[in-house]
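For reference, the structure discussed in these notes is given below.
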Amino acid sequence: MNSVKFKIQQSLRIHSLHFTRPWMGAVRRKAMSKVTACNEDVQAANDSVSAGSFSVADGGAQVVPFGQYVQTVILHPKDAARARGLGHVVSERGEVRALQLVDAQAANDLAADLRSIISRALRGFKAVPIYNGHPYHPDPERAKLYQDRRAYGWVKEITSDAQALRFDVDYTTLGTQAVNEGWFAFHSPQWDMRIVDITKEGVFCRPYRLRSGGLTNEPNIPVPPMVAANESESEPTAPHHPMKTETLAKLKKLFKLSDDADDAALDQAANEYCDKALADADKGTSDLPKDDKKKDEEDPAAIAAAAAAAANDQIQLAVTAANDQVKALRGDRITFAVDQLVLTGRVPLAKVKETTELLTACANDAALDTELTKLRGVKPALQTSAQIATTALAAQKGEALAANEAESRKRLRDEAVADALNGICKGREPTPENRQAAWTVAQKKNPTLFAS
């Protein structure tokens with residue numbers, strides 16, 4: 001069975017840059033250039049989620065909003081040459097900054113590929129796995145950062161609506177634990193893409209095959225959280241401030257209670273004492289020496305009143321702190337929501353301040369939810385060619401040029417050292433001393449390549 005599966009996979013395998021099967025050559029240039037994209041920069045993502053109680057949101061689905069997202073891709077050599085001819089910065093490996101078009105067409109292509117016999121055969125007729133990060137990233141340097149290759153879940157179906165595509169996921173026991181304990185809050189799809197167009201304004205591609213999903217806390221695409229906090233959404237409870245020990249001792253002495261009296265006994269004695277004191281005050285029969293301030297200060301009623309006043313002050317401080325916390329959390333929610341709306345093209349940058357003020361002015365959470373629903377229902381505004389060139393490509397040009405120059409110098413330097421080593425060893429196995437000597441010879445012959 002395994003040998004049959006291997007033969008099927010080999011007969012249907014697609015190279016990471018272009019099709020290798022002879023029967024696909026006729027449509028290779030017309031149909032697509034294969035590009036590989038991974039929507040997560042390798043970072044210590046797990047540090048950003050604090051411990052707590054969480055559960056899977058949105059029925060376990062992972063959602064990717066429709067939009068255009070910048071991503072580095074690897075082009076087919078012919079497409080790379082075409083992109084260079086149009087003025088784009090392309091590395092020797094064919095890497096270029098492109099725009100991913102995540103739209104209804106992409107959703108349809110991904111769903112169709114998930115069900116296709118070719119993709120099912122390539123996956124061994126299993127569902128698409130969900131991992132901790134991307135242990136099978138096409139870049140080996142990135143892949144080796146993720147040693148955990150256990151499946152945290154399986155993508156069973158891909159669907160979409162008017163605003164986003166959805167990966168319907170069945171989480172494994174390990175994945176459920178990771179979500180419930182708040183290890184990860186977001187997801188990152190790893191998919192293959194087709195070139196849609198290459199123009200002076202940019203390189204455009206569209207995903208068509210989902211390779212795997214990665215659990216993360218720092219996604220590149222602005223996906224919504226896949227977990228929801230289980231805590232109550234009501235206002236935070238005021239913190240408890242226990243009574244001071246010395247005050248508690250005085251009250252027990254006042255009420256003639258033993259030192260080991262419990263809270264119930266203290267509460268009952270306090271109520272009885274207060275009822276009697278209030279009744280005496282109403283009758284005007286209080287026997288307190290009103291002309292003796294010292295006696296008044298030691299009066300049980302005065303002590304009880306002072307304790308009540310102090311407790312009330314503490315309660316007011318706690319309520320104020322709780323309200324401040326709620327206000328801060330609401331502000332963070334608004335900021336995050338506006339960022340998502342900007343990234344998905346529903347709010348232009350020029351209206352960020354106006355939108356933030358509108359949401360802040362909402363009287364309560366219900367009004368805020370209503371306004372956010374309206375804004376999320378706005379049709380995303382497509383960027384103009386000039387905007388795309390400015391925001392997606394020009395900002396990366398300087399960085400890409402510097403990286404290409406450094407990579408070119410390193411390659412030439414390595415070639416110079418290798419030539420010198422061949423001249424020294426002449427077919428013999430090189431020793432560490434030979435390698436050091438080769439480095440010195442190459443440095444003398446090509447000083448500019450070794451300049452810092």
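Residue numbering restarts at 1 in every chain; chains get A, B, ... in the order shown in the structure tokens, and ligands count up from 1 in that same order.
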Do a neighbour search on stretch 441-452 of chain A at 9 Å with only C-alpha atoms, toss out local chain neighbours closer than 5 positions, and write the hits as a PyMOL selection string. chain A and resi 409-410+412-413+416-421+436
What's the 10 Å shell around A:Lys256, counting only C-alpha atoms, without same-chain residues fewer than 6 positions away, as a PDB file with N, CA and C atoms, in the first residue's frame?
```pdb
ATOM      1  N   LYS A 250     -10.465  44.994  67.904  1.00  0.00           N
ATOM      2  CA  LYS A 250     -11.239  45.975  68.671  1.00  0.00           C
ATOM      3  C   LYS A 250     -12.738  45.675  68.597  1.00  0.00           C
ATOM      4  N   LEU A 266     -19.287  37.446  64.233  1.00  0.00           N
ATOM      5  CA  LEU A 266     -18.956  38.873  64.228  1.00  0.00           C
ATOM      6  C   LEU A 266     -20.025  39.670  63.498  1.00  0.00           C
ATOM      7  N   ALA A 269     -23.177  39.930  65.751  1.00  0.00           N
ATOM      8  CA  ALA A 269     -22.984  40.852  66.870  1.00  0.00           C
ATOM      9  C   ALA A 269     -22.975  42.300  66.397  1.00  0.00           C
TER      10      ALA A 269
END
```
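Near A:Leu359, within 10 Å and counting only C-alpha atoms, sit Arg330, Gly331, Ile334, Thr335, Ala337, Val338, Asp365, Ala367, Leu368, Asp369, Thr370, Glu371 and Leu372 of chain A, not including residues fewer than 6 positions from it in the same chain.
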Please produce a file of those selected residues containing N, CA, C and O atoms, as a compact mmCIF listing (two decimals), in the first residue's frame.
```txt
# COMPACT_ATOMS: atom_id res chain seq x y z
N ARG A 330 -11.65 48.78 26.69
CA ARG A 330 -12.53 49.21 25.58
C ARG A 330 -11.72 49.98 24.54
O ARG A 330 -11.92 49.82 23.33
N GLY A 331 -10.78 50.83 25.02
CA GLY A 331 -9.93 51.57 24.09
C GLY A 331 -9.05 50.64 23.27
O GLY A 331 -8.86 50.83 22.06
N ILE A 334 -11.15 49.05 20.57
CA ILE A 334 -11.43 49.97 19.48
C ILE A 334 -10.21 50.12 18.58
O ILE A 334 -10.30 50.11 17.35
N THR A 335 -9.02 50.28 19.20
CA THR A 335 -7.79 50.42 18.42
C THR A 335 -7.56 49.21 17.54
O THR A 335 -7.24 49.33 16.34
N ALA A 337 -9.80 47.04 16.49
CA ALA A 337 -10.85 46.96 15.47
C ALA A 337 -10.57 47.91 14.31
O ALA A 337 -10.73 47.56 13.14
N VAL A 338 -10.13 49.15 14.62
CA VAL A 338 -9.83 50.13 13.57
C VAL A 338 -8.65 49.65 12.73
O VAL A 338 -8.65 49.78 11.50
N ASP A 365 -21.42 48.89 25.15
CA ASP A 365 -20.87 47.85 24.28
C ASP A 365 -21.83 47.45 23.17
O ASP A 365 -21.42 47.10 22.07
N ALA A 367 -23.95 49.42 21.59
CA ALA A 367 -23.83 50.44 20.53
C ALA A 367 -22.53 50.28 19.77
O ALA A 367 -22.48 50.45 18.54
N LEU A 368 -21.45 49.95 20.50
CA LEU A 368 -20.16 49.74 19.85
C LEU A 368 -20.22 48.56 18.89
O LEU A 368 -19.71 48.62 17.76
N ASP A 369 -20.84 47.46 19.32
CA ASP A 369 -20.98 46.29 18.44
C ASP A 369 -21.77 46.63 17.18
O ASP A 369 -21.46 46.17 16.08
N THR A 370 -22.80 47.46 17.34
CA THR A 370 -23.62 47.86 16.19
C THR A 370 -22.78 48.64 15.18
O THR A 370 -22.84 48.38 13.96
N GLU A 371 -22.00 49.61 15.66
CA GLU A 371 -21.16 50.41 14.75
C GLU A 371 -20.10 49.56 14.07
O GLU A 371 -19.83 49.73 12.87
N LEU A 372 -19.49 48.64 14.82
CA LEU A 372 -18.47 47.78 14.22
C LEU A 372 -19.07 46.87 13.15
O LEU A 372 -18.45 46.63 12.12
```
Show which residues sit within 8 Å of A:Leu114, as a ChimeraX atom specification. Count only C-alpha atoms, and ignore same-chain residues fewer than 3 positions away. /A:110-111,119-120,157-158,209-210
Go ahead and write the residues just picked, C-alpha atoms, as a PDB file, in the first residue's frame.
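Result file follows (part-v7.pdb):
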```pdb
ATOM      1  CA  LEU A 110      -8.765  26.525  -2.341  1.00  0.00           C
ATOM      2  CA  ALA A 111     -12.020  24.657  -1.697  1.00  0.00           C
ATOM      3  CA  SER A 119      -4.360  17.052  -3.729  1.00  0.00           C
ATOM      4  CA  ARG A 120      -5.932  14.237  -1.733  1.00  0.00           C
ATOM      5  CA  GLU A 157     -13.578  21.867   4.661  1.00  0.00           C
ATOM      6  CA  ILE A 158     -12.995  25.333   3.170  1.00  0.00           C
ATOM      7  CA  ARG A 209      -3.713  25.116  -2.528  1.00  0.00           C
ATOM      8  CA  LEU A 210      -3.602  24.960   1.287  1.00  0.00           C
TER       9      LEU A 210
END
```
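Taking only C-alpha atoms into account, A:Pro380 lies nearest to A:Val347 out of the set A:Pro135, A:Cys274, A:Pro129, A:Val347.
Here atom CA of A:Ile74 is placed at a distance of 6.6 Å from atom CA of A:Val96.
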What lies within 12 Å of A:Leu248 using only C-alpha atoms, ignoring chain neighbours under 5 positions off, as a PDB file with N, CA, C and O atoms, in the first residue's frame?
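Dumped to part_19.pdb:
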```pdb
ATOM      1  N   PRO A 242      -9.413  43.133  52.869  1.00  0.00           N
ATOM      2  CA  PRO A 242      -9.748  42.623  54.195  1.00  0.00           C
ATOM      3  C   PRO A 242      -9.559  43.690  55.269  1.00  0.00           C
ATOM      4  O   PRO A 242      -8.746  44.603  55.143  1.00  0.00           O
ATOM      5  N   MET A 243     -10.330  43.547  56.352  1.00  0.00           N
ATOM      6  CA  MET A 243     -10.244  44.495  57.467  1.00  0.00           C
ATOM      7  C   MET A 243      -8.907  44.317  58.193  1.00  0.00           C
ATOM      8  O   MET A 243      -8.390  43.209  58.310  1.00  0.00           O
ATOM      9  N   LYS A 253     -13.615  42.756  70.772  1.00  0.00           N
ATOM     10  CA  LYS A 253     -13.622  43.164  72.178  1.00  0.00           C
ATOM     11  C   LYS A 253     -14.867  43.986  72.494  1.00  0.00           C
ATOM     12  O   LYS A 253     -15.497  43.816  73.546  1.00  0.00           O
ATOM     13  N   LEU A 254     -15.240  44.880  71.550  1.00  0.00           N
ATOM     14  CA  LEU A 254     -16.414  45.719  71.746  1.00  0.00           C
ATOM     15  C   LEU A 254     -17.676  44.874  71.855  1.00  0.00           C
ATOM     16  O   LEU A 254     -18.551  45.127  72.697  1.00  0.00           O
ATOM     17  N   PHE A 255     -17.755  43.854  71.014  1.00  0.00           N
ATOM     18  CA  PHE A 255     -18.968  43.028  70.996  1.00  0.00           C
ATOM     19  C   PHE A 255     -18.893  41.874  71.980  1.00  0.00           C
ATOM     20  O   PHE A 255     -19.758  40.991  71.976  1.00  0.00           O
ATOM     21  N   LEU A 257     -16.831  39.321  72.130  1.00  0.00           N
ATOM     22  CA  LEU A 257     -16.675  38.027  71.465  1.00  0.00           C
ATOM     23  C   LEU A 257     -15.286  37.476  71.759  1.00  0.00           C
ATOM     24  O   LEU A 257     -14.346  38.221  72.040  1.00  0.00           O
ATOM     25  N   SER A 258     -15.137  36.161  71.654  1.00  0.00           N
ATOM     26  CA  SER A 258     -13.827  35.535  71.850  1.00  0.00           C
ATOM     27  C   SER A 258     -12.938  35.806  70.637  1.00  0.00           C
ATOM     28  O   SER A 258     -13.416  36.133  69.546  1.00  0.00           O
ATOM     29  N   ASP A 259     -11.633  35.667  70.834  1.00  0.00           N
ATOM     30  CA  ASP A 259     -10.685  35.950  69.749  1.00  0.00           C
ATOM     31  C   ASP A 259     -10.846  34.999  68.567  1.00  0.00           C
ATOM     32  O   ASP A 259     -10.491  35.334  67.439  1.00  0.00           O
ATOM     33  N   ASP A 260     -11.384  33.807  68.851  1.00  0.00           N
ATOM     34  CA  ASP A 260     -11.542  32.839  67.760  1.00  0.00           C
ATOM     35  C   ASP A 260     -12.940  32.850  67.150  1.00  0.00           C
ATOM     36  O   ASP A 260     -13.327  31.922  66.428  1.00  0.00           O
ATOM     37  N   ALA A 261     -13.717  33.899  67.427  1.00  0.00           N
ATOM     38  CA  ALA A 261     -15.057  34.001  66.845  1.00  0.00           C
ATOM     39  C   ALA A 261     -14.960  34.091  65.325  1.00  0.00           C
ATOM     40  O   ALA A 261     -14.088  34.782  64.789  1.00  0.00           O
ATOM     41  N   ASP A 262     -15.866  33.406  64.608  1.00  0.00           N
ATOM     42  CA  ASP A 262     -15.819  33.407  63.142  1.00  0.00           C
ATOM     43  C   ASP A 262     -16.555  34.623  62.585  1.00  0.00           C
ATOM     44  O   ASP A 262     -17.143  35.426  63.328  1.00  0.00           O
ATOM     45  N   ASP A 263     -16.526  34.759  61.261  1.00  0.00           N
ATOM     46  CA  ASP A 263     -17.124  35.917  60.599  1.00  0.00           C
ATOM     47  C   ASP A 263     -18.632  35.985  60.821  1.00  0.00           C
ATOM     48  O   ASP A 263     -19.214  37.074  60.942  1.00  0.00           O
ATOM     49  N   LEU A 266     -19.287  37.446  64.233  1.00  0.00           N
ATOM     50  CA  LEU A 266     -18.956  38.873  64.228  1.00  0.00           C
ATOM     51  C   LEU A 266     -20.025  39.670  63.498  1.00  0.00           C
ATOM     52  O   LEU A 266     -20.432  40.752  63.939  1.00  0.00           O
ATOM     53  N   ASP A 267     -20.493  39.129  62.377  1.00  0.00           N
ATOM     54  CA  ASP A 267     -21.517  39.827  61.606  1.00  0.00           C
ATOM     55  C   ASP A 267     -22.818  39.958  62.406  1.00  0.00           C
ATOM     56  O   ASP A 267     -23.457  41.018  62.417  1.00  0.00           O
ATOM     57  N   ALA A 270     -22.327  42.546  65.237  1.00  0.00           N
ATOM     58  CA  ALA A 270     -22.264  43.903  64.705  1.00  0.00           C
ATOM     59  C   ALA A 270     -23.661  44.409  64.348  1.00  0.00           C
ATOM     60  O   ALA A 270     -24.007  45.573  64.604  1.00  0.00           O
ATOM     61  N   ILE A 303     -16.571  54.182  66.554  1.00  0.00           N
ATOM     62  CA  ILE A 303     -15.635  53.247  65.934  1.00  0.00           C
ATOM     63  C   ILE A 303     -16.285  52.556  64.739  1.00  0.00           C
ATOM     64  O   ILE A 303     -15.700  52.436  63.653  1.00  0.00           O
ATOM     65  N   ALA A 304     -17.540  52.108  64.941  1.00  0.00           N
ATOM     66  CA  ALA A 304     -18.251  51.436  63.850  1.00  0.00           C
ATOM     67  C   ALA A 304     -18.477  52.375  62.677  1.00  0.00           C
ATOM     68  O   ALA A 304     -18.330  51.985  61.508  1.00  0.00           O
ATOM     69  N   ALA A 307     -15.214  52.858  60.832  1.00  0.00           N
ATOM     70  CA  ALA A 307     -14.906  51.666  60.037  1.00  0.00           C
ATOM     71  C   ALA A 307     -15.761  51.618  58.785  1.00  0.00           C
ATOM     72  O   ALA A 307     -15.287  51.268  57.696  1.00  0.00           O
TER      73      ALA A 307
END
```
Return as a PyMOL selection string the full set of residues in stretch 130-338 of chain A whose backbone-based DSSP assignment is strand (DSSP E). chain A and resi 130-132+153-160+164-171+186-198+203-216+227-229
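The spacing separating atom CA of A:Arg166 from atom CA of A:Phe66 amounts to 10.5 Å.
Between atom CA of A:Trp191 and atom CA of A:Cys205 there is a distance of 11.6 Å.
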So that I can see what lies close to stretch 145-151 of chain A, please list as a PyMOL selection string the residues with an atom at most 9 Å from it, counting only C-alpha atoms and leaving out residues fewer than 3 positions away in the same chain. chain A and resi 42+129-136+140-142+154+171-172+174-175
Store the residues picked out above, limited to N, CA and C atoms, as a PDB file, in the first residue's frame.
```pdb
ATOM      1  N   VAL A  42       9.274  34.066  11.316  1.00  0.00           N
ATOM      2  CA  VAL A  42       9.610  33.217  12.451  1.00  0.00           C
ATOM      3  C   VAL A  42       9.971  34.092  13.635  1.00  0.00           C
ATOM      4  N   PRO A 129      -3.242  19.268   7.662  1.00  0.00           N
ATOM      5  CA  PRO A 129      -2.898  19.335   9.095  1.00  0.00           C
ATOM      6  C   PRO A 129      -2.707  20.764   9.596  1.00  0.00           C
ATOM      7  N   ILE A 130      -2.913  20.931  10.906  1.00  0.00           N
ATOM      8  CA  ILE A 130      -2.619  22.173  11.623  1.00  0.00           C
ATOM      9  C   ILE A 130      -1.469  21.888  12.581  1.00  0.00           C
ATOM     10  N   TYR A 131      -0.383  22.686  12.494  1.00  0.00           N
ATOM     11  CA  TYR A 131       0.795  22.461  13.318  1.00  0.00           C
ATOM     12  C   TYR A 131       1.035  23.629  14.284  1.00  0.00           C
ATOM     13  N   ASN A 132       2.024  23.427  15.143  1.00  0.00           N
ATOM     14  CA  ASN A 132       2.583  24.516  15.953  1.00  0.00           C
ATOM     15  C   ASN A 132       3.577  25.249  15.071  1.00  0.00           C
ATOM     16  N   GLY A 133       3.155  26.368  14.465  1.00  0.00           N
ATOM     17  CA  GLY A 133       4.003  27.074  13.509  1.00  0.00           C
ATOM     18  C   GLY A 133       4.023  26.354  12.172  1.00  0.00           C
ATOM     19  N   HIS A 134       5.204  26.366  11.499  1.00  0.00           N
ATOM     20  CA  HIS A 134       5.320  25.761  10.165  1.00  0.00           C
ATOM     21  C   HIS A 134       6.550  24.851  10.104  1.00  0.00           C
ATOM     22  N   PRO A 135       6.459  23.633  10.674  1.00  0.00           N
ATOM     23  CA  PRO A 135       7.619  22.726  10.665  1.00  0.00           C
ATOM     24  C   PRO A 135       7.995  22.233   9.273  1.00  0.00           C
ATOM     25  N   TYR A 136       7.096  22.380   8.277  1.00  0.00           N
ATOM     26  CA  TYR A 136       7.399  21.968   6.912  1.00  0.00           C
ATOM     27  C   TYR A 136       7.501  23.176   5.980  1.00  0.00           C
ATOM     28  N   PRO A 140      14.338  25.711   4.711  1.00  0.00           N
ATOM     29  CA  PRO A 140      14.814  24.816   5.785  1.00  0.00           C
ATOM     30  C   PRO A 140      15.221  25.559   7.051  1.00  0.00           C
ATOM     31  N   GLU A 141      15.784  26.767   6.898  1.00  0.00           N
ATOM     32  CA  GLU A 141      16.216  27.524   8.072  1.00  0.00           C
ATOM     33  C   GLU A 141      15.029  27.894   8.952  1.00  0.00           C
ATOM     34  N   ARG A 142      13.900  28.192   8.338  1.00  0.00           N
ATOM     35  CA  ARG A 142      12.710  28.501   9.118  1.00  0.00           C
ATOM     36  C   ARG A 142      12.055  27.230   9.655  1.00  0.00           C
ATOM     37  N   TRP A 154      -7.116  19.295  12.062  1.00  0.00           N
ATOM     38  CA  TRP A 154      -7.209  18.934  10.644  1.00  0.00           C
ATOM     39  C   TRP A 154      -8.269  19.804   9.985  1.00  0.00           C
ATOM     40  N   TYR A 171     -10.128  19.985  15.886  1.00  0.00           N
ATOM     41  CA  TYR A 171      -8.922  20.002  16.706  1.00  0.00           C
ATOM     42  C   TYR A 171      -8.698  18.649  17.366  1.00  0.00           C
ATOM     43  N   THR A 172      -7.445  18.237  17.460  1.00  0.00           N
ATOM     44  CA  THR A 172      -7.085  17.036  18.205  1.00  0.00           C
ATOM     45  C   THR A 172      -7.119  17.350  19.700  1.00  0.00           C
ATOM     46  N   LEU A 174      -4.614  17.444  21.642  1.00  0.00           N
ATOM     47  CA  LEU A 174      -3.520  18.386  21.883  1.00  0.00           C
ATOM     48  C   LEU A 174      -3.909  19.792  21.456  1.00  0.00           C
ATOM     49  N   GLY A 175      -4.562  19.921  20.312  1.00  0.00           N
ATOM     50  CA  GLY A 175      -4.980  21.235  19.838  1.00  0.00           C
ATOM     51  C   GLY A 175      -6.014  21.868  20.736  1.00  0.00           C
TER      52      GLY A 175
END
```
If you run DSSP over the backbone, which residues in stretch 172-223 of chain A end up alpha helix (DSSP H)? Put them as a count of residues only. 8
